[in-house]
file coords_30.cif (mmCIF, C-alpha atoms)
data_query
#
loop_
_atom_site.label_atom_id
_atom_site.label_comp_id
_atom_site.auth_asym_id
_atom_site.auth_seq_id
_atom_site.Cartn_x
_atom_site.Cartn_y
_atom_site.Cartn_z
CA MET A 1 14.50 -36.39 -5.49
CA GLU A 2 12.81 -33.59 -3.55
CA GLU A 3 11.63 -30.68 -5.70
CA LYS A 4 13.35 -27.42 -4.84
CA ARG A 5 11.09 -24.71 -3.46
CA LEU A 6 11.15 -21.14 -4.72
CA ILE A 7 10.36 -18.56 -2.05
CA ILE A 8 10.02 -14.92 -3.10
CA THR A 9 9.59 -12.08 -0.62
CA ILE A 10 8.51 -8.64 -1.77
CA GLY A 11 9.17 -5.58 0.38
CA ARG A 12 7.60 -2.39 -0.91
CA GLN A 13 7.24 1.30 -0.31
CA TYR A 14 3.62 2.29 0.13
CA GLY A 15 2.07 3.19 -3.22
CA SER A 16 4.86 1.60 -5.26
CA GLY A 17 2.64 -1.19 -6.58
CA GLY A 18 4.51 -3.92 -4.73
CA SER A 19 1.37 -5.86 -3.84
CA GLU A 20 0.07 -5.61 -7.41
CA THR A 21 3.44 -6.81 -8.68
CA ALA A 22 3.26 -9.79 -6.32
CA VAL A 23 -0.22 -10.77 -7.54
CA LYS A 24 0.83 -10.56 -11.21
CA LEU A 25 4.02 -12.49 -10.49
CA GLY A 26 2.04 -15.17 -8.68
CA LYS A 27 -0.23 -15.60 -11.71
CA ALA A 28 2.73 -15.72 -14.09
CA LEU A 29 4.54 -18.37 -12.03
CA GLY A 30 1.51 -20.26 -10.74
CA LEU A 31 2.44 -19.53 -7.11
CA ASN A 32 0.26 -18.60 -4.14
CA VAL A 33 0.73 -15.03 -2.91
CA TYR A 34 0.42 -14.37 0.82
CA ASP A 35 -0.30 -10.80 1.91
CA ASN A 36 -3.25 -9.99 4.17
CA GLU A 37 -4.19 -13.68 4.03
CA ILE A 38 -1.38 -14.24 6.53
CA LEU A 39 -3.43 -12.41 9.17
CA ARG A 40 -6.47 -14.64 8.71
CA MET A 41 -4.37 -17.81 8.64
CA THR A 42 -2.48 -16.76 11.74
CA SER A 43 -5.75 -16.04 13.51
CA ASP A 44 -7.11 -19.47 12.56
CA GLU A 45 -3.95 -21.23 13.75
CA SER A 46 -3.55 -19.33 17.02
CA GLY A 47 -7.22 -18.95 17.96
CA ILE A 48 -6.61 -15.22 18.48
CA ARG A 49 -9.12 -12.83 16.91
CA GLU A 50 -7.97 -11.53 13.52
CA SER A 51 -8.63 -7.94 14.60
CA TYR A 52 -5.65 -8.13 16.98
CA PHE A 53 -3.35 -8.99 14.08
CA HIS A 54 -4.72 -6.13 11.97
CA LEU A 55 -4.03 -3.68 14.79
CA ALA A 56 -0.40 -4.81 15.02
CA ASP A 57 0.13 -5.36 11.28
CA GLU A 58 3.42 -3.77 10.13
CA ARG A 59 3.38 -1.29 13.01
CA ALA A 60 5.98 -1.20 15.78
CA GLY A 61 3.96 1.10 18.00
CA ASN A 62 5.97 3.27 20.39
CA LYS A 63 8.36 0.53 21.52
CA LEU A 64 11.09 0.91 18.90
CA LEU A 65 13.21 3.26 21.01
CA TYR A 66 12.91 0.91 24.01
CA ARG A 67 14.23 -2.01 21.96
CA ILE A 68 17.13 0.05 20.56
CA ILE A 69 18.15 1.42 23.96
CA HIS A 70 18.07 -2.01 25.61
CA SER A 71 19.61 -3.81 22.60
CA LEU A 72 16.89 -6.44 22.67
CA ILE A 73 17.14 -9.46 20.37
CA PRO A 74 14.79 -9.33 17.34
CA GLU A 75 11.66 -11.43 17.63
CA ASN A 76 12.07 -14.70 15.76
CA SER A 77 11.23 -17.21 18.47
CA THR A 78 8.42 -19.63 19.34
CA PRO A 79 5.01 -18.05 20.15
CA SER A 80 3.96 -17.90 23.77
CA LEU A 81 0.64 -19.21 25.08
CA GLY A 82 1.03 -17.36 28.37
CA SER A 83 -0.05 -13.98 29.69
CA ASP A 84 1.47 -12.15 26.71
CA LEU A 85 -0.68 -14.12 24.25
CA VAL A 86 -2.04 -11.05 22.43
CA SER A 87 0.99 -8.79 22.84
CA ALA A 88 2.33 -7.29 19.60
CA ASP A 89 5.58 -9.26 19.98
CA ASN A 90 3.75 -12.55 20.40
CA LEU A 91 1.45 -11.82 17.47
CA PHE A 92 4.58 -11.34 15.38
CA ARG A 93 5.89 -14.72 16.57
CA PHE A 94 2.63 -16.42 15.55
CA GLN A 95 2.70 -14.67 12.17
CA SER A 96 6.34 -15.68 11.62
CA SER A 97 5.58 -19.30 12.46
CA VAL A 98 2.83 -19.36 9.82
CA ILE A 99 5.19 -17.80 7.25
CA ARG A 100 7.88 -20.39 7.99
CA ARG A 101 5.38 -23.27 7.77
CA LEU A 102 4.04 -22.09 4.40
CA ALA A 103 7.59 -21.72 3.05
CA GLN A 104 8.32 -25.30 4.12
CA GLU A 105 5.21 -26.62 2.38
CA GLU A 106 5.24 -24.92 -1.03
CA SER A 107 6.89 -22.49 -3.41
CA CYS A 108 5.16 -19.16 -2.83
CA ILE A 109 5.39 -15.36 -2.61
CA PHE A 110 5.19 -13.28 0.57
CA VAL A 111 4.43 -9.56 0.67
CA GLY A 112 5.99 -7.51 3.49
CA ARG A 113 5.82 -8.59 7.16
CA CYS A 114 9.60 -8.98 7.44
CA ALA A 115 9.37 -12.24 5.51
CA GLU A 116 12.87 -11.80 4.04
CA TYR A 117 14.19 -11.77 7.62
CA VAL A 118 11.94 -14.52 8.97
CA LEU A 119 12.99 -16.81 6.10
CA MET A 120 16.65 -15.77 5.90
CA ASP A 121 17.90 -19.36 6.16
CA GLU A 122 15.38 -20.79 3.69
CA PRO A 123 16.94 -22.38 0.56
CA GLY A 124 15.67 -20.88 -2.70
CA LEU A 125 14.88 -17.51 -1.09
CA VAL A 126 14.78 -14.47 -3.40
CA ARG A 127 14.33 -11.08 -1.72
CA VAL A 128 12.83 -8.29 -3.83
CA PHE A 129 12.19 -4.65 -2.92
CA ILE A 130 9.89 -2.39 -4.98
CA TYR A 131 10.18 1.39 -4.74
CA ALA A 132 9.13 4.49 -6.69
CA ASP A 133 9.52 8.25 -6.52
CA MET A 134 7.00 10.15 -4.42
CA GLY A 135 5.23 11.67 -7.43
CA ALA A 136 4.45 8.26 -8.90
CA ARG A 137 3.26 6.93 -5.56
CA VAL A 138 1.02 9.92 -4.91
CA LYS A 139 -0.55 9.43 -8.36
CA ARG A 140 -1.19 5.72 -7.72
CA ILE A 141 -2.75 6.22 -4.28
CA ARG A 142 -4.76 9.24 -5.43
CA GLU A 143 -6.32 7.11 -8.18
CA LYS A 144 -7.38 4.56 -5.57
CA ARG A 145 -9.12 7.33 -3.56
CA TYR A 146 -7.99 5.97 -0.20
CA PHE A 147 -7.47 9.49 1.20
CA ALA A 148 -8.47 13.07 0.45
CA ASP A 149 -6.22 14.54 -2.26
CA ASN A 150 -4.44 16.88 0.15
CA GLU A 151 -3.76 14.01 2.59
CA VAL A 152 -2.23 11.50 0.17
CA GLU A 153 1.47 12.35 0.52
CA ARG A 154 1.23 12.74 4.29
CA ASN A 155 -0.32 9.28 4.60
CA ILE A 156 2.26 7.73 2.27
CA ARG A 157 5.05 9.10 4.46
CA LYS A 158 3.23 7.94 7.61
CA ILE A 159 2.73 4.37 6.37
CA ASP A 160 6.32 4.18 5.11
CA ARG A 161 7.49 5.32 8.55
CA GLU A 162 5.35 2.64 10.24
CA ARG A 163 6.78 -0.06 7.98
CA ARG A 164 10.32 1.23 8.53
CA ASP A 165 9.90 1.23 12.32
CA TYR A 166 8.17 -2.17 12.30
CA HIS A 167 11.02 -3.70 10.32
CA ARG A 168 13.68 -2.15 12.55
CA TYR A 169 11.83 -3.21 15.69
CA TYR A 170 11.44 -6.88 14.76
CA THR A 171 14.61 -7.46 12.72
CA GLY A 172 17.16 -4.96 13.99
CA GLN A 173 17.79 -4.08 10.34
CA ASP A 174 17.04 -1.03 8.19
CA TRP A 175 14.04 -1.67 5.95
CA GLU A 176 15.48 0.17 2.93
CA ASN A 177 19.05 -1.14 3.23
CA MET A 178 19.88 -2.61 -0.19
CA GLU A 179 22.01 -5.33 1.45
CA ASN A 180 18.77 -6.91 2.73
CA TYR A 181 17.59 -7.66 -0.83
CA ASP A 182 18.69 -9.50 -3.95
CA LEU A 183 16.80 -7.36 -6.46
CA ILE A 184 15.63 -3.75 -6.14
CA LEU A 185 13.23 -2.37 -8.77
CA ASN A 186 11.84 1.10 -9.54
CA SER A 187 8.20 0.59 -10.49
CA ALA A 188 7.87 4.21 -11.64
CA LYS A 189 10.28 3.39 -14.46
CA LEU A 190 9.26 -0.22 -15.11
CA GLY A 191 5.58 -0.37 -14.23
CA THR A 192 4.28 -3.43 -12.39
CA ASP A 193 4.36 -5.56 -15.55
CA GLY A 194 7.97 -4.56 -16.13
CA CYS A 195 8.82 -5.46 -12.53
CA VAL A 196 7.30 -8.91 -13.07
CA GLN A 197 9.35 -9.41 -16.23
CA CYS A 198 12.54 -8.32 -14.45
CA ILE A 199 11.94 -10.72 -11.56
CA ILE A 200 11.29 -13.62 -13.94
CA GLU A 201 14.46 -12.87 -15.91
CA TYR A 202 16.42 -12.62 -12.67
CA LEU A 203 15.11 -16.05 -11.58
CA LYS A 204 16.23 -17.51 -14.91
CA ILE A 205 19.70 -15.98 -14.57
CA ARG A 206 19.97 -17.43 -11.06
CA GLY A 207 18.98 -20.85 -12.37
CA LEU A 208 15.88 -20.88 -10.20
CA LEU A 209 13.49 -20.92 -13.16
CA ALA A 210 13.78 -22.80 -16.46
CA LYS A 211 14.73 -20.62 -19.44
#
call {"tool": "encode", "arguments": {"input": "coords_30.cif", "output": "structure tokens"}}
result
Amino acid sequence: MEEKRLIITIGRQYGSGGSETAVKLGKALGLNVYDNEILRMTSDESGIRESYFHLADERAGNKLLYRIIHSLIPENSTPSLGSDLVSADNLFRFQSSVIRRLAQEESCIFVGRCAEYVLMDEPGLVRVFIYADMGARVKRIREKRYFADNEVERNIRKIDRERRDYHRYYTGQDWENMENYDLILNSAKLGTDGCVQCIIEYLKIRGLLAK
């Protein structure tokens, strides 16, 4: 009898601790976590330089309005090897194909990159979204010293906007629409450890994890 796979996707507001939650959850469950590793793996599989994937990573560029106006179908098709090889849309197709292959091979956790959309038909899929109030996110990012103190909130809003536009561009769905997720957690209230505990309890309730 084939063992059932457990696929967890974690969407996250910037600074909410979603990536940290994913890493802790992966350790607790013994599952691989795929975040930035997806870019390297996609580069290896496609033969396209990894830098191209970093440039397009979770950014829709200025094409969102064009897609909305022309009602274009979201990108979830087979990658092209033609003249549009390194276009943002084709890079997304390559990335999606790697995500789908990994989900077919093992139980695992994906962070961001529209994985909950790419894997929408995958059995055993659990879609989680991590958020927090702006004050908590500013505090977390300030402690990491990624930006000057007076630039932290502006950059949080900018990166959130890029993720929101990226998700809308490639899925046709609103990134923060609760209907896109099974479990939505406030890390400012729970902390990342609390989020991990909540996810594990949810999996048990769903019968996806032994009690």
call {"tool": "residues_around", "arguments": {"input": "coords_30.cif", "residues": "Tyr14 of chain A", "least_positions_apart": "3", "cutoff": "12 Å", "atoms": "only C-alpha atoms", "output": "compact mmCIF listing (two decimals) with C-alpha atoms, in the coordinates of the input"}}
result
# COMPACT_ATOMS: atom_id res chain seq x y z
CA GLY A 11 9.17 -5.58 0.38
CA GLY A 17 2.64 -1.19 -6.58
CA GLY A 18 4.51 -3.92 -4.73
CA SER A 19 1.37 -5.86 -3.84
CA GLU A 20 0.07 -5.61 -7.41
CA GLU A 58 3.42 -3.77 10.13
CA VAL A 111 4.43 -9.56 0.67
CA GLY A 112 5.99 -7.51 3.49
CA PHE A 129 12.19 -4.65 -2.92
CA ILE A 130 9.89 -2.39 -4.98
CA TYR A 131 10.18 1.39 -4.74
CA ALA A 132 9.13 4.49 -6.69
CA ASP A 133 9.52 8.25 -6.52
CA MET A 134 7.00 10.15 -4.42
CA ALA A 136 4.45 8.26 -8.90
CA ARG A 137 3.26 6.93 -5.56
CA VAL A 138 1.02 9.92 -4.91
CA LYS A 139 -0.55 9.43 -8.36
CA ARG A 140 -1.19 5.72 -7.72
CA ILE A 141 -2.75 6.22 -4.28
CA VAL A 152 -2.23 11.50 0.17
CA GLU A 153 1.47 12.35 0.52
CA ARG A 154 1.23 12.74 4.29
CA ASN A 155 -0.32 9.28 4.60
CA ILE A 156 2.26 7.73 2.27
CA ARG A 157 5.05 9.10 4.46
CA LYS A 158 3.23 7.94 7.61
CA ILE A 159 2.73 4.37 6.37
CA ASP A 160 6.32 4.18 5.11
CA ARG A 161 7.49 5.32 8.55
CA GLU A 162 5.35 2.64 10.24
CA ARG A 163 6.78 -0.06 7.98
CA ARG A 164 10.32 1.23 8.53
CA SER A 187 8.20 0.59 -10.49
call {"tool": "closest_residue", "arguments": {"input": "coords_30.cif", "among": "A:Leu91, A:Cys114, A:Met120, A:Val33", "to": "Glu176 of chain A", "atoms": "all atoms listed in the file"}}
result
A:Cys114
call {"tool": "resolve_selection", "arguments": {"input": "coords_30.cif", "expression": "the PyMOL selection byres ((chain A and resi 5) around 8)", "output": "ChimeraX atom specification"}}
result
/A:3-4,6-7,103,106-107,123-124
call {"tool": "write_last_selection", "arguments": {"input": "coords_30.cif", "atoms": "C-alpha atoms", "output": "CSV table (one decimal), in the frame of the given file"}}
result
chain,number,residue,atom,x,y,z
A,3,GLU,CA,11.6,-30.7,-5.7
A,4,LYS,CA,13.4,-27.4,-4.8
A,6,LEU,CA,11.2,-21.1,-4.7
A,7,ILE,CA,10.4,-18.6,-2.0
A,103,ALA,CA,7.6,-21.7,3.0
A,106,GLU,CA,5.2,-24.9,-1.0
A,107,SER,CA,6.9,-22.5,-3.4
A,123,PRO,CA,16.9,-22.4,0.6
A,124,GLY,CA,15.7,-20.9,-2.7
call {"tool": "residues_near_point", "arguments": {"input": "coords_30.cif", "point": "(8.2, -9.5, -11.1)", "cutoff": "9 Å", "atoms": "only C-alpha atoms", "output": "VMD selection string"}}
result
chain A and resid 21 to 22 24 to 26 28 128 192 to 202
call {"tool": "closest_residue", "arguments": {"input": "coords_30.cif", "among": "A:Ala115, A:Gly15, A:Asn32, A:Gln104", "to": "His167 of chain A", "atoms": "all atoms listed in the file"}}
result
A:Ala115
call {"tool": "atom_distance", "arguments": {"input": "coords_30.cif", "atom1": "atom CA of Ile109 of chain A", "atom2": "atom CA of Arg93 of chain A"}}
result
19.2 Å
call {"tool": "closest_residue", "arguments": {"input": "coords_30.cif", "among": "A:Val126, A:Val98, A:Leu203, A:Leu209", "to": "Ile10 of chain A", "atoms": "all atoms listed in the file"}}
result
A:Val126
call {"tool": "atom_distance", "arguments": {"input": "coords_30.cif", "atom1": "atom CA of Ile205 of chain A", "atom2": "atom CA of Thr9 of chain A"}}
result
17.7 Å
call {"tool": "atom_distance", "arguments": {"input": "coords_30.cif", "atom1": "atom CA of Val23 of chain A", "atom2": "atom CA of Met178 of chain A"}}
result
22.9 Å
call {"tool": "closest_residue", "arguments": {"input": "coords_30.cif", "among": "A:Leu185, A:Ser97, A:Asp149, A:Asn180", "to": "Tyr117 of chain A", "atoms": "only C-alpha atoms"}}
result
A:Asn180
call {"tool": "closest_residue", "arguments": {"input": "coords_30.cif", "among": "A:Glu122, A:Asp174, A:Glu143, A:Asp165", "to": "Arg101 of chain A", "atoms": "all atoms listed in the file"}}
result
A:Glu122
call {"tool": "closest_residue", "arguments": {"input": "coords_30.cif", "among": "A:Ile184, A:Lys27, A:Tyr146, A:Lys204", "to": "Arg127 of chain A", "atoms": "only C-alpha atoms"}}
result
A:Ile184
